[in-house]
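Engineer: Let me begin by handing over the structure; questions about it come next.
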Amino acid sequence: TGSGDATARIWPMPEGPTGRAQSAAASRAAVLTHAVPGAPGGDRPRDVATLDWARDGASLATGCYDGVARVWTAAGSLMAALGPKPGATGAEAAGHTGPIFAIKWNPDASFLLSGSVDRSTIVWDVARGAARHVYRLSEAPTLDVDWRDETMFATCATDGSVHVCKVGDAGALRSYTEHRNEVNCVKWAPDGRLLASCSDDCTARLWAVDQPRAVHTLSGHAKELYTIKWASPHNPRGHPLLATASLDHTVKLWHAGRGACVGTLARHTEPVYAVSFNPGGDLLASGSPDKSLRVWSVKDGTLVKSYYGPGGIYEVAWDPAGQRIAACFSTNSVCVMDMRM
């Protein structure tokens, strides 16, 4: 978890159903402190805005308001602070000058990708501790990034642009500008054939790299879209499935092949800021400032369970086994709900 208190925390999650013993063990978190005197970033604010685990679970990356990308071991030890090095030149001198809002490992953890308010996107060679390439694709802040594979990735910005790039190329392979307002999120489909984006223009769009324009425009939400998620290809609907979360209090499910809405999930009473499919793709969790976490059946859209917490929910995530859901609340707390109970 990452917080505005300038820390990230790694919480141990013991096996077995969630209960008092598990809660006691989980309270012994490793605290990853970002406010270190004399460290890169100076006296800038150090809110931890984004984080991402490497696929093998051995490394955690955090992006901070001080513009420094940090890499930690699973035990919480700092491995690298990626930013401009005093007196360095070339790649060693590269780094962000504004808050990092997005950070992602590529699948084999050879590169780390970060996007910043400073309008740059940086591919980091973590082994060298230096930037591989700095991309300046837009004149607006970068809000999200996502890898398609080991070398191809996408970015989006507040000027409504979406860019697809490949490590080693100086510029973008594709630049899309059809959105009419800032783009909040980009996500590649599991098979890499489609890229989804969502925007404050109340639409999501689907892109194929070999096409110069959007393949589908997903319209139907009444207000801005905050985030999107793809379901597993093995989901019970049997087709590429995308979920969109909106400030209109709803989540919509889309048949990505047809660009058609196949379900609207409408039990939240405030904007929906978080959605997450379980690994099997048969359940979807959603969280909202209305203090509720909802779990939905993907097959028929019915509400399976509801959990109510102490504050608004702004992120949710499933464990790899699909048995527990973590939710972070506006009250500085994190809760783990067990679907087996």
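Chain labels run A, B, ... following the order of the structure tokens; each chain numbers its residues from 1, and ligands are numbered from 1 in the order shown.
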As a PyMOL selection string, list the residues of region 70-251 of chain A assigned to strand (DSSP E) by DSSP on the backbone atoms of this structure.
Structural biologist: chain A and resi 70-73+78-82+100-105+111-116+121-125+130-135+142-147+152-157+162-166+172-176+183-188+195-199+204-207+216-218+225-230+241-246+251
Engineer: Tell me, as an mmCIF file with C-alpha atoms, in the first residue's frame, which residues lie within 6 Å of region 312-324 of chain A, counting only C-alpha atoms; anything in the same chain fewer than 4 positions away does not count.
Structural biologist:
```cif
data_model
loop_
_atom_site.group_PDB
_atom_site.id
_atom_site.type_symbol
_atom_site.label_atom_id
_atom_site.label_comp_id
_atom_site.auth_asym_id
_atom_site.auth_seq_id
_atom_site.Cartn_x
_atom_site.Cartn_y
_atom_site.Cartn_z
ATOM 1 C CA TYR A 273 -13.026 4.867 -8.365
ATOM 2 C CA ALA A 274 -11.858 1.254 -8.237
ATOM 3 C CA SER A 276 -10.820 -5.308 -10.097
ATOM 4 C CA ASN A 278 -10.607 -11.810 -9.719
ATOM 5 C CA PRO A 279 -7.992 -13.997 -11.461
ATOM 6 C CA GLY A 287 -15.181 0.417 -4.547
ATOM 7 C CA SER A 288 -16.615 3.895 -3.991
ATOM 8 C CA PRO A 289 -16.580 6.875 -1.610
ATOM 9 C CA ASP A 290 -20.014 5.595 -0.518
ATOM 10 C CA LYS A 291 -17.978 3.339 1.857
ATOM 11 C CA CYS A 328 -7.913 1.032 0.984
ATOM 12 C CA PHE A 329 -10.052 3.622 2.744
ATOM 13 C CA SER A 330 -9.966 7.384 3.133
ATOM 14 C CA MET A 337 -12.126 -9.242 3.090
ATOM 15 C CA ASP A 338 -12.262 -13.027 2.783
ATOM 16 C CA MET A 339 -14.698 -14.344 0.162
#
```
Engineer: Measuring between only C-alpha atoms, which one of A:Val183, A:Met152, A:Leu60, A:Cys165 shows the shortest distance to Val126 (chain A)?
Structural biologist: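 Of the candidates, the smallest distance to Val126 (chain A) is held by A:Leu60.
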